[in-house]
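File shown: protein-v5.cif (mmCIF, C-alpha atoms).
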```
data_start
loop_
_atom_site.label_atom_id
_atom_site.label_comp_id
_atom_site.auth_asym_id
_atom_site.auth_seq_id
_atom_site.Cartn_x
_atom_site.Cartn_y
_atom_site.Cartn_z
CA MET A 1 66.47 102.13 56.72
CA SER A 2 64.45 101.06 59.68
CA GLU A 3 62.70 103.76 61.62
CA THR A 4 62.33 101.88 64.86
CA ILE A 5 62.11 104.22 67.81
CA LYS A 6 63.23 102.78 71.08
CA LYS A 7 62.75 104.04 74.58
CA PHE A 8 66.10 105.04 76.06
CA MET A 9 66.40 105.74 79.77
CA TYR A 10 69.47 107.41 81.24
CA LEU A 11 69.66 106.76 84.95
CA ASN A 12 71.75 109.44 86.66
CA ARG A 13 72.88 108.26 90.09
CA ARG A 14 75.98 110.28 90.91
CA ALA A 15 76.84 113.81 91.98
CA PRO A 16 78.43 116.13 89.40
CA TYR A 17 82.15 117.13 89.39
CA GLY A 18 83.48 114.54 91.88
CA THR A 19 83.46 111.95 89.11
CA ILE A 20 83.00 112.15 85.33
CA TYR A 21 79.77 110.10 85.25
CA ALA A 22 77.29 113.00 85.17
CA TRP A 23 79.04 114.72 82.30
CA GLU A 24 79.49 111.49 80.34
CA SER A 25 75.80 110.76 80.72
CA LEU A 26 74.93 114.14 79.24
CA GLU A 27 77.21 113.50 76.27
CA VAL A 28 75.52 110.18 75.53
CA VAL A 29 72.05 111.67 76.03
CA LEU A 30 72.74 114.28 73.35
CA ILE A 31 73.99 111.61 70.94
CA GLY A 32 70.87 109.51 71.52
CA ALA A 33 68.65 112.53 70.99
CA ALA A 34 70.31 113.22 67.63
CA PHE A 35 69.07 109.80 66.44
CA ASP A 36 65.43 110.71 67.13
CA GLN A 37 64.94 108.16 69.85
CA ASP A 38 62.48 108.40 72.73
CA VAL A 39 64.80 109.68 75.44
CA SER A 40 64.09 109.99 79.15
CA LEU A 41 66.37 110.89 82.04
CA ALA A 42 65.94 109.95 85.66
CA PHE A 43 67.77 111.46 88.62
CA ILE A 44 68.02 109.28 91.70
CA GLY A 45 70.34 109.12 94.69
CA ASP A 46 73.19 111.63 94.43
CA GLY A 47 72.09 112.18 90.82
CA VAL A 48 69.58 114.78 92.04
CA TYR A 49 72.56 116.99 92.96
CA GLN A 50 73.25 117.38 89.22
CA LEU A 51 70.20 119.63 88.97
CA LEU A 52 70.95 121.93 91.93
CA GLU A 53 70.53 125.56 90.97
CA GLY A 54 73.40 128.05 91.20
CA GLN A 55 76.37 125.87 90.26
CA ASP A 56 79.43 128.07 89.76
CA THR A 57 82.80 126.52 88.95
CA SER A 58 84.66 129.81 88.48
CA GLU A 59 86.88 129.14 91.49
CA SER A 60 87.53 125.45 90.93
CA ASP A 61 88.96 125.12 87.43
CA MET A 62 86.26 122.75 86.17
CA LYS A 63 83.74 123.08 83.36
CA ASN A 64 80.29 124.10 84.59
CA PHE A 65 78.09 121.78 82.51
CA SER A 66 74.90 122.48 84.47
CA THR A 67 73.69 124.88 81.76
CA THR A 68 73.53 121.92 79.35
CA TYR A 69 70.51 120.58 81.24
CA LYS A 70 68.66 123.76 80.29
CA ALA A 71 69.34 123.07 76.60
CA LEU A 72 67.94 119.53 76.65
CA GLY A 73 64.45 120.76 75.74
CA ASP A 74 65.82 122.07 72.44
CA TYR A 75 66.92 118.51 71.63
CA ASP A 76 63.42 117.15 72.36
CA VAL A 77 64.62 115.67 75.62
CA THR A 78 61.64 116.68 77.70
CA LYS A 79 61.16 113.92 80.24
CA LEU A 80 63.34 114.39 83.32
CA TYR A 81 62.16 112.25 86.21
CA VAL A 82 63.34 113.29 89.68
CA GLU A 83 62.83 110.88 92.53
CA LYS A 84 61.06 112.35 95.54
CA GLU A 85 62.67 110.09 98.13
CA SER A 86 66.18 111.03 96.96
CA LEU A 87 65.39 114.75 97.29
CA GLU A 88 63.94 114.28 100.77
CA GLU A 89 66.90 112.27 102.03
CA ARG A 90 69.11 115.17 101.00
CA GLY A 91 66.93 117.87 102.55
CA LEU A 92 66.05 119.22 99.11
CA THR A 93 62.82 120.24 97.36
CA LEU A 94 62.00 121.06 93.72
CA ASP A 95 62.64 124.73 94.59
CA ASP A 96 66.34 123.93 95.04
CA LEU A 97 66.60 122.65 91.45
CA MET A 98 67.10 124.56 88.21
CA PRO A 99 63.83 125.35 86.45
CA LEU A 100 63.93 123.21 83.28
CA THR A 101 61.37 123.69 80.53
CA TRP A 102 60.66 122.82 76.90
CA GLU A 103 58.46 124.38 74.24
CA ASP A 104 55.65 122.23 72.86
CA GLU A 105 55.33 122.87 69.13
CA ASP A 106 52.02 120.99 69.05
CA ASP A 107 50.60 123.37 71.64
CA ASP A 108 51.49 126.80 70.20
CA TRP A 109 55.02 126.55 71.64
CA ALA A 110 53.71 126.59 75.17
CA GLU A 111 56.48 126.41 77.75
CA LYS A 112 56.16 123.25 79.82
CA ASP A 113 58.08 121.81 82.75
CA SER A 114 60.56 119.07 81.89
CA ILE A 115 60.99 117.92 85.48
CA ARG A 116 58.54 115.30 86.69
CA LEU A 117 58.62 114.63 90.42
CA VAL A 118 57.92 110.93 90.97
CA SER A 119 58.02 108.47 93.82
CA ARG A 120 60.40 105.51 93.77
CA ALA A 121 57.49 103.17 93.03
CA GLU A 122 56.28 105.34 90.14
CA LEU A 123 59.79 105.54 88.71
CA ALA A 124 60.12 101.76 88.96
CA ASP A 125 57.11 101.49 86.65
CA VAL A 126 58.66 104.00 84.22
CA LEU A 127 61.91 102.02 84.17
CA ASP A 128 59.98 98.84 83.56
CA ASP A 129 58.50 100.36 80.42
CA GLN A 130 61.87 101.15 78.76
CA ASP A 131 63.66 99.28 75.97
CA ILE A 132 67.15 100.28 77.09
CA VAL A 133 68.41 101.59 80.42
CA TYR A 134 71.85 103.18 80.79
CA SER A 135 73.07 103.69 84.33
CA PHE A 136 75.60 106.41 85.12
CA MET B 1 97.98 115.62 119.29
CA SER B 2 95.40 117.27 117.06
CA THR B 3 94.12 115.72 113.88
CA LEU B 4 92.65 117.15 110.69
CA HIS B 5 90.31 114.64 109.10
CA THR B 6 89.48 115.20 105.44
CA VAL B 7 86.44 113.74 103.67
CA ASN B 8 85.99 114.00 99.89
CA LYS B 9 83.19 111.49 99.18
CA SER B 10 79.44 112.05 99.30
CA PRO B 11 78.00 110.66 102.56
CA PHE B 12 75.30 108.97 100.48
CA GLU B 13 77.73 107.16 98.21
CA LYS B 14 80.36 106.01 100.70
CA ASN B 15 80.61 105.67 104.46
CA SER B 16 83.76 107.83 104.66
CA LEU B 17 82.04 110.56 106.67
CA ALA B 18 80.40 108.11 109.08
CA ASP B 19 83.72 106.29 109.61
CA CYS B 20 85.51 109.61 110.12
CA LEU B 21 82.95 110.80 112.69
CA GLY B 22 83.43 107.57 114.59
CA TYR B 23 87.11 108.38 115.03
CA ALA B 24 87.07 112.19 115.26
CA LYS B 25 87.92 113.00 118.86
CA GLU B 26 87.17 116.17 120.76
CA GLY B 27 89.42 118.97 119.58
CA SER B 28 89.90 117.57 116.10
CA ALA B 29 88.87 119.17 112.83
CA VAL B 30 86.95 117.73 109.88
CA LEU B 31 87.34 119.32 106.46
CA MET B 32 84.85 118.39 103.75
CA TYR B 33 85.88 118.93 100.13
CA GLU B 34 84.97 117.68 96.61
CA ASP B 35 81.80 115.52 96.89
CA GLY B 36 82.37 115.47 100.65
CA VAL B 37 80.81 118.95 100.88
CA TYR B 38 77.32 117.43 100.53
CA GLY B 39 77.83 116.31 104.12
CA ALA B 40 77.88 119.96 105.19
CA MET B 41 74.32 120.70 104.04
CA LYS B 42 71.53 121.24 106.52
CA GLY B 43 68.39 119.13 106.71
CA ASN B 44 69.80 116.04 105.03
CA ALA B 45 69.91 112.50 106.38
CA VAL B 46 73.43 112.89 107.84
CA ALA B 47 72.99 116.34 109.39
CA GLU B 48 72.09 114.90 112.78
CA LYS B 49 75.25 112.81 112.90
CA VAL B 50 77.38 115.84 112.09
CA ALA B 51 75.58 117.96 114.71
CA ALA B 52 76.10 115.22 117.30
CA ALA B 53 79.90 115.23 116.95
CA SER B 54 80.73 117.21 120.07
CA GLY B 55 83.93 119.19 120.27
CA VAL B 56 84.71 118.62 116.59
CA LYS B 57 85.12 121.67 114.36
CA PHE B 58 83.77 121.32 110.81
CA TYR B 59 85.04 123.07 107.72
CA ALA B 60 83.98 122.95 104.05
CA LEU B 61 85.98 124.05 101.02
CA GLY B 62 84.34 127.13 99.48
CA PRO B 63 85.19 126.57 95.78
CA ASP B 64 83.77 123.03 95.92
CA LEU B 65 80.57 124.28 97.61
CA LYS B 66 80.23 126.97 94.97
CA ALA B 67 80.73 124.55 92.07
CA ARG B 68 77.91 122.36 93.41
CA GLY B 69 75.44 125.18 93.98
CA ILE B 70 75.59 124.97 97.77
CA SER B 71 75.14 128.52 99.06
CA GLU B 72 75.86 129.57 102.65
CA GLU B 73 72.20 129.39 103.64
CA LYS B 74 72.12 125.71 102.64
CA LEU B 75 74.90 124.87 105.11
CA ALA B 76 74.32 123.28 108.50
CA GLU B 77 75.07 125.36 111.57
CA GLY B 78 78.67 125.44 112.74
CA ILE B 79 80.26 124.75 109.36
CA GLU B 80 83.08 127.18 108.58
CA VAL B 81 83.86 127.81 104.93
CA VAL B 82 87.55 127.95 104.01
CA ASP B 83 89.40 128.58 100.74
CA TYR B 84 92.44 126.67 99.44
CA ALA B 85 94.81 128.71 101.64
CA GLY B 86 92.59 127.86 104.61
CA PHE B 87 92.91 124.17 103.70
CA VAL B 88 96.69 124.50 103.82
CA ASN B 89 96.56 126.36 107.14
CA LEU B 90 94.47 123.57 108.68
CA ALA B 91 96.97 121.00 107.47
CA VAL B 92 99.80 123.00 109.05
CA GLU B 93 98.00 123.75 112.32
CA ASN B 94 97.21 120.10 113.03
CA ASP B 95 99.76 117.42 113.88
CA ILE B 96 98.21 114.73 111.71
CA VAL B 97 96.21 114.83 108.48
CA SER B 98 93.98 111.80 108.14
CA ALA B 99 92.40 111.48 104.69
CA TRP B 100 89.19 109.43 104.61
CA VAL B 101 89.21 108.93 100.86
#
```

Written form, C-alpha cells:
Amino acid sequence: MSETIKKFMYLNRRAPYGTIYAWESLEVVLIGAAFDQDVSLAFIGDGVYQLLEGQDTSESDMKNFSTTYKALGDYDVTKLYVEKESLEERGLTLDDLMPLTWEDEDDDWAEKDSIRLVSRAELADVLDDQDIVYSF
Amino acid sequence: MSTLHTVNKSPFEKNSLADCLGYAKEGSAVLMYEDGVYGAMKGNAVAEKVAAASGVKFYALGPDLKARGISEEKLAEGIEVVDYAGFVNLAVENDIVSAWV
C-alpha cells in the first residue's frame, strides 16, 4: 500500500448554522485526518464566524458543533489559519475566538496554539503549497 | 402603512441587508434573524450603514444570536433583542411583512 501523504486544505468560507457547509466541512476534515494526511484548515470571509466563542444553541433546536473544533488537536489537525482581513471586516479580533490548542508529543506534550493569524497574502502562499483544496 | 422587513442572510454573503436598508422608510422595523444577525454586530463593515438608517427600528432574534456566540455587548447600539414571540408580535403589529431572503 502506498504511503503517500498529501496536503489537504479545507477552506471554510461560510457562517455556521445558516447553512450546512460548516458542519459538512468538519465531517470531511475528520475523515481526512483518519487517513493520516497532512490536514490544514483555513477560515476566511464568514468562515471566521465558525470559531466565535460562546456559541449556545440551547434555544434554537440545532446541534452546537462548535465544541468539535476544540477536539481537532486530538486528531492531529493542528494548523488552523485565520485570515486577519476577514476578522477586521467583521469587527473581530483573536480574543473573540475560541482558544484552540494541541499537545505536541515531540515537545513533552507542550500545549500549543492551533490558530495561526495570517494575512490574505500569506494565506495565498499557504494555499499555493497544497495538493488538494476543498472549499466549503 | 408600517412595514416589518426581515433579513436572514449574512451582510457579507448577500446584499439583502443593503437592499433592505435602501427601502426601509422612517417608521419601519427591520428584524435580523438566522445569519442575518451578523448585521447587528458593532464595529463591523456594515455597522455604519445600519446606524445611518434614521427612523428605522432594528431588532435581532435572541436564539439566533445566542447560537452564533453573539452576546449583548457585541451588538451595535439601538438593536433590540426579541424572542420568537416577539417576532410574531412584530409581524402582527406591522401592516406588511417584507422578507429579504

Original post:
Which residues of chain B are close to chain A, meaning at most 10 Å apart when you count all atoms listed in the file, and how do they look as a PyMOL selection string?
Top reply: chain B and resi 8-13+33-36+38-39+41-47+62-71+74+83-84

Limited to C-alpha atoms, could you put the picked residues into a file as a PDB file, in the coordinates of the input?
```pdb
ATOM      1  CA  ASN B   8      85.990 114.000  99.890  1.00  0.00           C
ATOM      2  CA  LYS B   9      83.190 111.490  99.180  1.00  0.00           C
ATOM      3  CA  SER B  10      79.440 112.050  99.300  1.00  0.00           C
ATOM      4  CA  PRO B  11      78.000 110.660 102.560  1.00  0.00           C
ATOM      5  CA  PHE B  12      75.300 108.970 100.480  1.00  0.00           C
ATOM      6  CA  GLU B  13      77.730 107.160  98.210  1.00  0.00           C
ATOM      7  CA  TYR B  33      85.880 118.930 100.130  1.00  0.00           C
ATOM      8  CA  GLU B  34      84.970 117.680  96.610  1.00  0.00           C
ATOM      9  CA  ASP B  35      81.800 115.520  96.890  1.00  0.00           C
ATOM     10  CA  GLY B  36      82.370 115.470 100.650  1.00  0.00           C
ATOM     11  CA  TYR B  38      77.320 117.430 100.530  1.00  0.00           C
ATOM     12  CA  GLY B  39      77.830 116.310 104.120  1.00  0.00           C
ATOM     13  CA  MET B  41      74.320 120.700 104.040  1.00  0.00           C
ATOM     14  CA  LYS B  42      71.530 121.240 106.520  1.00  0.00           C
ATOM     15  CA  GLY B  43      68.390 119.130 106.710  1.00  0.00           C
ATOM     16  CA  ASN B  44      69.800 116.040 105.030  1.00  0.00           C
ATOM     17  CA  ALA B  45      69.910 112.500 106.380  1.00  0.00           C
ATOM     18  CA  VAL B  46      73.430 112.890 107.840  1.00  0.00           C
ATOM     19  CA  ALA B  47      72.990 116.340 109.390  1.00  0.00           C
ATOM     20  CA  GLY B  62      84.340 127.130  99.480  1.00  0.00           C
ATOM     21  CA  PRO B  63      85.190 126.570  95.780  1.00  0.00           C
ATOM     22  CA  ASP B  64      83.770 123.030  95.920  1.00  0.00           C
ATOM     23  CA  LEU B  65      80.570 124.280  97.610  1.00  0.00           C
ATOM     24  CA  LYS B  66      80.230 126.970  94.970  1.00  0.00           C
ATOM     25  CA  ALA B  67      80.730 124.550  92.070  1.00  0.00           C
ATOM     26  CA  ARG B  68      77.910 122.360  93.410  1.00  0.00           C
ATOM     27  CA  GLY B  69      75.440 125.180  93.980  1.00  0.00           C
ATOM     28  CA  ILE B  70      75.590 124.970  97.770  1.00  0.00           C
ATOM     29  CA  SER B  71      75.140 128.520  99.060  1.00  0.00           C
ATOM     30  CA  LYS B  74      72.120 125.710 102.640  1.00  0.00           C
ATOM     31  CA  ASP B  83      89.400 128.580 100.740  1.00  0.00           C
ATOM     32  CA  TYR B  84      92.440 126.670  99.440  1.00  0.00           C
TER      33      TYR B  84
END
```

Original post:
Quick one, how far is CA of Phe58 in chain B from CA of Ala22 in chain A?
Top reply: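 Computing it gives 27.7 Å between the two atoms.
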
**OP:** Enter the distance from CA of Leu127 in chain A to CA of Lys6 in chain A, in Å, rounded to one decimal.
**Re:**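 These two atoms are separated by 13.2 Å.
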
Subject >> Ground truth for the PyMOL selection byres ((chain B and resi 79-82) around 7), written as a ChimeraX atom specification >> reply: /B:40,58-62,75-78,83-84,86-87

**OP:** Give the answer as one residue: which of A:Val48, A:Ala34, A:Met9, A:Val28 has the shortest atom-to-atom distance to Gln130 in chain A, using all atoms listed in the file?
**Re:** A:Met9

**OP:** Determine the residue set returned by the PyMOL selection byres ((chain A and resi 70) around 10) for the present structure, and present it as a PyMOL selection string.
**Re:** chain A and resi 51+65-69+71-74+98-102+114

Could you dump the residues just selected with C-alpha atoms as a compact mmCIF listing (two decimals), in the coordinates of the input?
```txt
# COMPACT_ATOMS: atom_id res chain seq x y z
CA LEU A 51 70.20 119.63 88.97
CA PHE A 65 78.09 121.78 82.51
CA SER A 66 74.90 122.48 84.47
CA THR A 67 73.69 124.88 81.76
CA THR A 68 73.53 121.92 79.35
CA TYR A 69 70.51 120.58 81.24
CA ALA A 71 69.34 123.07 76.60
CA LEU A 72 67.94 119.53 76.65
CA GLY A 73 64.45 120.76 75.74
CA ASP A 74 65.82 122.07 72.44
CA MET A 98 67.10 124.56 88.21
CA PRO A 99 63.83 125.35 86.45
CA LEU A 100 63.93 123.21 83.28
CA THR A 101 61.37 123.69 80.53
CA TRP A 102 60.66 122.82 76.90
CA SER A 114 60.56 119.07 81.89
```

Original post:
When the PyMOL selection byres ((chain A and resi 129) around 12) is applied to the file above, which residues end up in the set, as a list in words?
Top reply: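 For this structure, the PyMOL selection byres ((chain A and resi 129) around 12) captures Lys6, Lys7, Phe8, Met9, Asp38, Ser40, Glu122, Leu123, Ala124, Asp125, Val126, Leu127, Asp128, Gln130, Asp131, Ile132 and Val133 of chain A.
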
**OP:** Find the residue from A:Glu3, A:Glu83, A:Asp107, A:Asp95 that sits nearest to Ser119 in chain A; use all atoms listed in the file when measuring.
**Re:**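 That would be A:Glu83, the residue with the smallest distance to Ser119 in chain A.
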
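Interatomic distance, CA of Lys25 in chain B against CA of Ser2 in chain B: 8.8 Å.
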